[in-house]
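As C-alpha cells, the structure follows; a few thoughts come after it.
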Amino acid sequence: MTRRNGRAEPARIFLRPPSVLAVLTALATITVTVTSPAAAHHVGSYVPRDNAVTTNFKQVKFSVQAKKYDVALQLFDAGALRAEMRAHAAALPPGLEDGTRAALTAGDGPEVERRLMIFFAALSRDLALEADRQIARPEATAEVRAATGRKFLEAIWRYYNLVDFAVATRDNKTSVAVRLAFDEAESYVKPAAGGAAPPDPAGIREPLQRIAQALSTLIDASSPSSTTPRRNS
Amino acid sequence: MTEADSPTWRVPPRWVLLVAVLSIVAAEVGGGSMARFKVELTRWARDGMLARPGVHGLVGVRDVDERILDEALVKFDAGLRLFHMHAEGMGLVIIATAMVAATVIRHDAARRAIIALLTTGGAGYPLGYLLWSALIPSYGLERSKAIAEWLVWVPFGTATIVALWCLVGFVALRMIRPKS
C-alpha cells in the first residue's frame, strides 16, 4: 500500500469510476430523505381501534341487516356484547339481555336494534355520570379536569355514535339534545391557544349532566316495559 | 494515468464498516426479538403502564383506559419497528456515504470529521427509537419522546444532516474544480 501526504493510502475497489453528478444526485436524495424524518422525528400515528364490544356490536348489526339471524345469534352468544350486558346488568333495564336474545331468535330486527340502542345509551350515560363525578373532585387541577373530560368524551362518543341513528329515528329530540350537549362539553375541554389548559374545564359538568339526563329519559322511555316510542317531529 | 490517480471508489476505514455492520445486525436482532417476544414485551409495557396510572392519565374506567393503553402500546411497538427500520437503513447509509466521503474528500481533517459524523450520527439516531419505546411505560408518550429527542434524535440526527450537507458541498466543489 502506497503512502501519500504521510497517511496510509486507503484500500481501493477497482470498479467503474464514479460519476460525480450521479454521486451528487444520490447524496441529495439521501440528504433529503434523512433530513425529513430527522426534523419531524417521525414516531408513527395512532388510529383508535374498535374494542371487543363495539366490534361485536358491528358484527351483530351487520348480520341482522343481512337477515342472517342465526349468525347474529351465534355472534351475540359468543361475543363481548353479551358478556358486557351481564357485567352491567345492575345498571340496565331488567331482561335486556334475554330480550335481545329472544329478538334474535325470533328474527325481529327492529327489536334487536332497540335493545342494543338501550344498551349503548346506558353505557354512555354511565360514562357521563362517572366523568361528572371525577371532574367534580376538588383536588383535580384544571389540566387534569380537561384531560379527564376529553378522555371521557371520546369514550362516550365511541359508544353513543354507534346508536345515534337508532336514537334519532325513535326520539330525535334526545338525539339532538345529546349532540348539542356533547358539542358544548367539547368546547370546555378544548386546549386554549398555545396549548394552554382551557380556562374553565369544570364547565363541562353541566353538559355532561344533560347528556346523562337525556339518555336516562331515553332508556326509561325505550325500556322493554315501555311500548310507546317518543317520536318527535 | 497511474493506479494512484485513477478515480476509483475507496473503502472507508474499517471501524466505520464495523459500526455500520453492527447497526444492521442490531436491527435484525431487534426485528427478530420483536416477533419472538411480542407477547412478553407487550405484557411488560402494559404492566409498567398500569403500575403508573398517573403518568399515563388512566382514570380507572376500563372503557376510557383501554383506549389510552392501546395507543401507548401501539406507539411502543412502533418505536421498536422504527428502530429496526432505521438501524437497517442507516447502516447502509453509513457505508454508502462514508465511501463517497473517502473517495471524494482529499482534505484529511475534513474527510475524517465528516466520516466520523456520518458514522456516529447514523448509528446513534436509530437508538432514539429504542430509547423512546423503553421509556414509554415509565414516562408516558410525550415525556419519553422529549427525552429521546434531546438525548438522541437531535444530536445524532443533526450530526448526520450536517455531515451529509458538507459532503454534498465537497462533491459539488469537486464538480466545479476537479483537481481540488
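Here, A, B, ... name the chains of the C-alpha cells in the order displayed, residue numbers run from 1 inside each chain, and ligands are numbered from 1 in the same displayed order.
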
Stretch 52-57 of chain A environment, 6 Å, only C-alpha atoms, sequence neighbours closer than 6 positions dropped, as a ChimeraX atom specification: /A:79-81

Selected residues written out, N, CA and C atoms, as a PDB file, in the first residue's frame:
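Output saved as result_20.pdb:
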ATOM      1  N   GLY A  79     -69.995 -13.505  21.927  1.00  0.00           N
ATOM      2  CA  GLY A  79     -69.226 -12.248  21.870  1.00  0.00           C
ATOM      3  C   GLY A  79     -69.190 -11.437  23.147  1.00  0.00           C
ATOM      4  N   ALA A  80     -68.489 -10.324  23.039  1.00  0.00           N
ATOM      5  CA  ALA A  80     -68.272  -9.438  24.193  1.00  0.00           C
ATOM      6  C   ALA A  80     -69.526  -8.654  24.567  1.00  0.00           C
ATOM      7  N   LEU A  81     -70.426  -8.486  23.596  1.00  0.00           N
ATOM      8  CA  LEU A  81     -71.648  -7.708  23.840  1.00  0.00           C
ATOM      9  C   LEU A  81     -72.467  -8.329  24.971  1.00  0.00           C
TER      10      LEU A  81
END

Report as a short mmCIF file (atom, residue, chain, number, x, y, z; two decimals) with N, CA and C atoms, in the first residue's frame all protein, DNA and RNA residues lying within 6 Å of B:Gly128, evaluated on only C-alpha atoms, omitting residues in the same chain fewer than 3 positions from it.
data_model
loop_
_atom_site.label_atom_id
_atom_site.label_comp_id
_atom_site.auth_asym_id
_atom_site.auth_seq_id
_atom_site.Cartn_x
_atom_site.Cartn_y
_atom_site.Cartn_z
N TYR B 125 -28.63 7.62 15.77
CA TYR B 125 -30.00 8.08 15.59
C TYR B 125 -31.05 6.98 15.82
N LEU B 131 -34.81 3.81 22.71
CA LEU B 131 -34.91 4.52 24.00
C LEU B 131 -36.34 4.99 24.23
N TRP B 132 -36.95 5.55 23.19
CA TRP B 132 -38.33 6.04 23.29
C TRP B 132 -39.27 4.91 23.73
N ALA B 148 -36.07 11.26 24.43
CA ALA B 148 -35.38 10.65 23.28
C ALA B 148 -34.95 11.72 22.29
N VAL B 152 -31.01 11.88 22.01
CA VAL B 152 -30.54 11.10 20.86
C VAL B 152 -30.89 11.73 19.51
N TRP B 153 -32.18 11.93 19.25
CA TRP B 153 -32.57 12.33 17.89
C TRP B 153 -31.95 13.66 17.47
#

Pairwise distance for atom CA of B:Ala101 and atom CA of B:Val21, rounded to one decimal in Å: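 So the two atoms, atom CA of B:Ala101 and atom CA of B:Val21, lie 17.9 Å apart.
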
Chain B residues near chain A (6 Å cut-off, only C-alpha atoms) as a count of residues only: 8

Contacts of A:Pro199 at 12 Å (only C-alpha atoms; same-chain gap of 5+ positions) as a ChimeraX atom specification: /A:141-143,145-146,187-193,204

Could you turn the residues from that selection into a file that holds C-alpha atoms, as a compact mmCIF listing (two decimals), in the first residue's frame?
# COMPACT_ATOMS: atom_id res chain seq x y z
CA THR A 141 -56.36 20.73 38.66
CA ALA A 142 -57.63 22.46 35.52
CA GLU A 143 -55.27 20.37 33.36
CA ARG A 145 -60.08 18.09 34.58
CA ALA A 146 -59.60 18.98 30.92
CA SER A 187 -65.77 23.36 23.95
CA TYR A 188 -64.99 23.39 27.69
CA VAL A 189 -62.04 20.99 27.43
CA LYS A 190 -60.55 22.09 24.12
CA PRO A 191 -56.98 23.35 24.73
CA ALA A 192 -56.64 27.12 24.63
CA ALA A 193 -54.38 28.90 22.15
CA ILE A 204 -68.11 20.52 31.24
